[in-house]
Structures are given as structure tokens and as C-alpha cells.
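Visitor: Provided herewith is a single structure, encoded as C-alpha cells, for subsequent inquiry.
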Amino acid sequence: MRFLITAGPTREPIDPVRFIGNRSSGKMGYAIAEAAIEAGHEVVLISGPVDLPRPPGVAVIPVSTSDQMFDAVHEHVRNCDLLVMSAAVADYKPVAVFTKKIKKRDAKLLLELIPTRDVLASLPKNRKYFVVGFAAETDNIETNAQKKLLKKNCDAVVANDARVGMEGDENEVEIFFRDGEKKTISRAPKKIVARELIKILKMFVKKV
Ligand code: CTP
């Protein structure tokens, strides 16, 4: 199968030297890319700025902002069988980017933000590829994941506790499928979780 995987954070520029980012390390997405290659699949990896080596055999497309992530997914998604959106795409970005460095003043600074474009929600409903979203939550994991599954029109959502999954080397996930099926991968190193996830997705995508 041909996998399109996104990983890592996005950076939303404020001025030439500052940005809004998040704690995503990219480790989960990179582990999924490696596991997919190991299992004999083809992988294109759209990666936000991370401190990880390029997994052998993977075509990496580097991006920085949510807009670049959006455009890169739309460019490549038609050529995949399975999209795995594990990137932590920013939900908001500054209304305008200052062209010069903002100088320090002795006063409050208000930064105005607007929502970014949602990559998952922008995908066509009628499509030939399987779409897997991620949900990093801190509470009501199952309810929030089920909501995302429907709202973002995903075929499956991989849910984890943001406090466990975001930066560390381990993860534990629950996978909710559109037909109501649910699978659990218990706490393990991200590489092991990724291998298990690839097996589950392969089984499931075959059924569809
Ligand atoms: N996502 C996306 N485009 C965005 C933001 C997020 O495609 N602009 C994707 C992520 O890659 C992930 C899924 O949506 O697969 C869920 O992301 P998350 O940030 O958990 O969801 P939100 O809709 O932002 O909900 P909230 O932050 O309120 O929990």
C-alpha cells in the first residue's frame, strides 16, 4: 500500500524570529513511517520541523507552517491508499506576520490569532483513500475522539493521552473506526505501537 504520513509540529510565524509552535516531537509519525517501510509499504512523509533522522526508504517532504502542510497533503493525497495525519497542526495562526522583529516595549502586547485551515476537514467525502486522524486529548478521550471521527470525516481516529504521547518515547492508543469497531494498543515504545498500528490498519483497509 502507499502511505502518506504527516508528522511533527507546525510553526506559525509571528515575526522573522518568532513563531507559535507546540510540543510534538514527530516520534510517533516517524515510527509509523518506519514501521510501514518495514512491512513493505511505500511511504511519503510530510514532516514539520523535528529533530529526527530521515527514516531509510522514506520520501520526506519538509514543511514548516500549517498552510504548507495543507498544500503538501493536497498535492500528494491523490496518490496514496492511506493518509495518516499524525502531525500536530496548529489550530491558530497570527492574523498577520510582522515583517520586522517586534521590539520590546514596556506595555501589554496583544497577538490576534485566526483559525488555520483544517487539513482533514478539507478532504473530499468521496475519495479512494482511507483517512486516519489523530486525537491528542487530556480528558474525555473516547468522547472527543468519536466527535473528531465524525466532524473531520475520518475513517478511523487514533486517540491518545496528549500527556503520554506528545514528547516521550512511549505511547498507548485506542483506535476508533467509523463502523464502530475499536482496537487498543497498550503502553509500549512508539516503535512497537507503530508496528501494531500498521498491522491493524492493513487488516482493516483490506476489509473496506
Ligand atoms: N488537523 C488538521 N488540520 C488542522 C488541525 C488539526 O488536519 N488545522 C488534524 C490533526 O493532524 C489530527 C486531527 O486533526 O489528525 C486532530 O487534531 P487536534 O488538534 O487533536 O484536533 P482539533 O480539531 O484541533 O481539536 P482540539 O484541538 O479542539 O482538540
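Please note that chains go A, B, ... in the order of the C-alpha cells, that every chain numbers its residues from 1, and that ligands are numbered from 1 in the order shown.
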Taking the DSSP assignment computed from this structure's backbone, write out as JSON, numbers by chain all residues of segment 9-164 of chain A that belong to strand (DSSP E).

Guide: {"A": [12, 13, 14, 15, 18, 19, 20, 42, 43, 44, 45, 46, 47, 59, 60, 61, 62, 82, 83, 84, 85, 92, 93, 94, 113, 114, 115, 130, 131, 132, 133, 134, 135, 136, 137, 156, 157, 158, 159, 160, 161]}

Visitor: Put those residues in a file: C-alpha atoms, as a PDB file, in the first residue's frame.

Guide:
```
ATOM      1  CA  GLU A  12       3.187  29.704  12.691  1.00  0.00           C
ATOM      2  CA  PRO A  13       5.406  32.765  12.261  1.00  0.00           C
ATOM      3  CA  ILE A  14       4.835  35.876  14.360  1.00  0.00           C
ATOM      4  CA  ASP A  15       7.764  37.899  13.046  1.00  0.00           C
ATOM      5  CA  ARG A  18       9.439  34.109  16.446  1.00  0.00           C
ATOM      6  CA  PHE A  19       6.742  31.540  15.914  1.00  0.00           C
ATOM      7  CA  ILE A  20       3.886  29.703  17.643  1.00  0.00           C
ATOM      8  CA  GLU A  42       5.657   2.782   0.141  1.00  0.00           C
ATOM      9  CA  VAL A  43       5.845   5.903   2.298  1.00  0.00           C
ATOM     10  CA  VAL A  44       5.774   9.641   1.659  1.00  0.00           C
ATOM     11  CA  LEU A  45       6.295  11.557   4.899  1.00  0.00           C
ATOM     12  CA  ILE A  46       5.300  15.211   5.183  1.00  0.00           C
ATOM     13  CA  SER A  47       7.254  16.448   8.155  1.00  0.00           C
ATOM     14  CA  ALA A  59      10.497  10.147   0.805  1.00  0.00           C
ATOM     15  CA  VAL A  60      10.423  13.137   3.166  1.00  0.00           C
ATOM     16  CA  ILE A  61       8.751  16.424   2.259  1.00  0.00           C
ATOM     17  CA  PRO A  62       9.743  19.097   4.794  1.00  0.00           C
ATOM     18  CA  LEU A  82      -3.915   5.591   3.202  1.00  0.00           C
ATOM     19  CA  LEU A  83      -3.390   9.004   4.798  1.00  0.00           C
ATOM     20  CA  VAL A  84      -2.180   9.021   8.411  1.00  0.00           C
ATOM     21  CA  MET A  85      -2.470  12.564   9.854  1.00  0.00           C
ATOM     22  CA  TYR A  92      -4.480  29.080  15.155  1.00  0.00           C
ATOM     23  CA  LYS A  93      -2.027  31.391  13.443  1.00  0.00           C
ATOM     24  CA  PRO A  94      -1.326  35.128  13.748  1.00  0.00           C
ATOM     25  CA  LEU A 113      -4.975  34.816  16.002  1.00  0.00           C
ATOM     26  CA  ILE A 114      -7.208  33.256  13.359  1.00  0.00           C
ATOM     27  CA  PRO A 115      -8.035  29.564  12.864  1.00  0.00           C
ATOM     28  CA  PHE A 130      -8.503   5.664   3.761  1.00  0.00           C
ATOM     29  CA  VAL A 131      -8.105   8.569   6.201  1.00  0.00           C
ATOM     30  CA  VAL A 132      -6.710   8.159   9.715  1.00  0.00           C
ATOM     31  CA  GLY A 133      -6.844  11.163  12.022  1.00  0.00           C
ATOM     32  CA  PHE A 134      -5.169  11.541  15.393  1.00  0.00           C
ATOM     33  CA  ALA A 135      -6.686  12.903  18.579  1.00  0.00           C
ATOM     34  CA  ALA A 136      -4.361  14.010  21.355  1.00  0.00           C
ATOM     35  CA  GLU A 137      -6.592  14.664  24.339  1.00  0.00           C
ATOM     36  CA  ALA A 156     -10.510   5.997  11.778  1.00  0.00           C
ATOM     37  CA  VAL A 157      -9.117   8.074  14.639  1.00  0.00           C
ATOM     38  CA  VAL A 158      -6.099   7.122  16.741  1.00  0.00           C
ATOM     39  CA  ALA A 159      -6.628   8.601  20.178  1.00  0.00           C
ATOM     40  CA  ASN A 160      -4.046   9.075  22.867  1.00  0.00           C
ATOM     41  CA  ASP A 161      -3.480  10.965  26.048  1.00  0.00           C
TER      42      ASP A 161
END
```

Visitor: Write out as a PyMOL selection string the set of residues from segment 5-195 of chain A that DSSP, computed on the backbone, places in alpha helix (DSSP H).

Guide: chain A and resi 27-38+66-76+141-151+162-165+190-195

Visitor: At a cut-off of 7 Å, using only C-alpha atoms, what residues contact segment 27-31 of chain A? Leave out same-chain residues fewer than 6 positions from it and give the result as a PyMOL selection string.

Guide: chain A and resi 5-7+86+190-191+194

Visitor: Contacts of segment 121-126 of chain A at 6 Å or less, counting only C-alpha atoms, minus same-chain residues fewer than 2 places along, as a list in words?

Guide: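 Non-adjacent residues within range: Asp118, Val119 and Lys152 of chain A.
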
Visitor: Write the selection just made, keeping N, CA, C and O atoms, as a short mmCIF file (atom, residue, chain, number, x, y, z; two decimals), in the first residue's frame?

Guide:
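Result written to out_24.cif:
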```cif
data_model
loop_
_atom_site.label_atom_id
_atom_site.label_comp_id
_atom_site.auth_asym_id
_atom_site.auth_seq_id
_atom_site.Cartn_x
_atom_site.Cartn_y
_atom_site.Cartn_z
N ASP A 118 -8.26 23.51 8.32
CA ASP A 118 -8.18 22.13 8.82
C ASP A 118 -7.96 21.18 7.64
O ASP A 118 -8.77 21.12 6.71
N VAL A 119 -6.85 20.49 7.69
CA VAL A 119 -6.48 19.61 6.58
C VAL A 119 -7.49 18.48 6.44
O VAL A 119 -8.05 18.26 5.36
N LYS A 152 -14.53 15.44 11.41
CA LYS A 152 -13.46 15.59 10.41
C LYS A 152 -13.57 14.53 9.32
O LYS A 152 -12.65 14.37 8.51
#
```

Visitor: Just give me the gap between atom CA of Leu120 of chain A and atom 2 (C, counted along the ligand's line) of ligand 1 in Å, one decimal is fine.

Guide: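 Here the two named atoms are 5.0 Å from each other.
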
Visitor: Check the smallest atom-to-atom distance from each of A:Ala96, A:Leu201, A:Val73, A:Ala107 to ligand 1 using only C-alpha atoms and all ligand atoms, then report the winner.

Guide: A:Val73

Visitor: So which one's closest to Met1 of chain A, A:Arg78, A:His41, A:Lys151, A:Lys103? Using only C-alpha atoms, please.

Guide: A:His41

Visitor: Just the residues within 12 Å of Arg163 of chain A, please, counting only C-alpha atoms, with nothing from its chain fewer than 2 positions along; format it as a JSON list (two decimals) with N, CA and C atoms, in the first residue's frame.

Guide:
```
[["chain", "number", "residue", "atom", "x", "y", "z"],
["A", 23, "ARG", "N", 4.43, 21.08, 21.33],
["A", 23, "ARG", "CA", 5.40, 20.13, 21.89],
["A", 23, "ARG", "C", 5.58, 18.84, 21.08],
["A", 24, "SER", "N", 4.92, 18.74, 19.94],
["A", 24, "SER", "CA", 5.03, 17.49, 19.17],
["A", 24, "SER", "C", 6.48, 17.22, 18.77],
["A", 136, "ALA", "N", -5.15, 13.93, 20.12],
["A", 136, "ALA", "CA", -4.36, 14.01, 21.36],
["A", 136, "ALA", "C", -5.20, 14.76, 22.37],
["A", 137, "GLU", "N", -5.65, 14.07, 23.39],
["A", 137, "GLU", "CA", -6.59, 14.66, 24.34],
["A", 137, "GLU", "C", -6.00, 14.64, 25.74],
["A", 138, "THR", "N", -6.56, 15.47, 26.61],
["A", 138, "THR", "CA", -6.17, 15.38, 28.02],
["A", 138, "THR", "C", -7.34, 14.87, 28.86],
["A", 139, "ASP", "N", -8.56, 14.91, 28.30],
["A", 139, "ASP", "CA", -9.71, 14.41, 29.07],
["A", 139, "ASP", "C", -10.79, 13.91, 28.10],
["A", 141, "ILE", "N", -11.25, 11.16, 26.53],
["A", 141, "ILE", "CA", -10.56, 10.74, 25.31],
["A", 141, "ILE", "C", -11.53, 10.11, 24.30],
["A", 159, "ALA", "N", -6.54, 7.67, 19.06],
["A", 159, "ALA", "CA", -6.63, 8.60, 20.18],
["A", 159, "ALA", "C", -5.58, 8.27, 21.22],
["A", 160, "ASN", "N", -4.96, 9.31, 21.75],
["A", 160, "ASN", "CA", -4.05, 9.08, 22.87],
["A", 160, "ASN", "C", -4.13, 10.20, 23.87],
["A", 161, "ASP", "N", -3.54, 9.95, 25.03],
["A", 161, "ASP", "CA", -3.48, 10.97, 26.05],
["A", 161, "ASP", "C", -2.31, 11.88, 25.68],
["A", 165, "GLY", "N", 1.55, 10.87, 25.00],
["A", 165, "GLY", "CA", 2.00, 10.68, 23.62],
["A", 165, "GLY", "C", 2.86, 11.77, 23.02],
["A", 166, "MET", "N", 2.77, 12.99, 23.55],
["A", 166, "MET", "CA", 3.31, 14.13, 22.80],
["A", 166, "MET", "C", 4.83, 14.14, 22.64],
["A", 167, "GLU", "N", 5.57, 13.99, 23.72],
["A", 167, "GLU", "CA", 7.03, 14.17, 23.61],
["A", 167, "GLU", "C", 7.83, 12.90, 23.88],
["A", 168, "GLY", "N", 7.26, 11.98, 24.65],
["A", 168, "GLY", "CA", 8.03, 10.85, 25.15],
["A", 168, "GLY", "C", 8.30, 9.77, 24.11],
["A", 169, "ASP", "N", 8.91, 8.68, 24.55],
["A", 169, "ASP", "CA", 9.26, 7.58, 23.65],
["A", 169, "ASP", "C", 8.22, 6.46, 23.67],
["A", 170, "GLU", "N", 7.22, 6.59, 24.56],
["A", 170, "GLU", "CA", 6.19, 5.56, 24.66],
["A", 170, "GLU", "C", 4.83, 6.15, 24.33],
["A", 171, "ASN", "N", 3.91, 5.25, 24.02],
["A", 171, "ASN", "CA", 2.54, 5.69, 23.78],
["A", 171, "ASN", "C", 1.57, 4.56, 24.08],
["A", 172, "GLU", "N", 0.31, 4.89, 24.29],
["A", 172, "GLU", "CA", -0.75, 3.89, 24.33],
["A", 172, "GLU", "C", -1.92, 4.51, 23.60]]
```
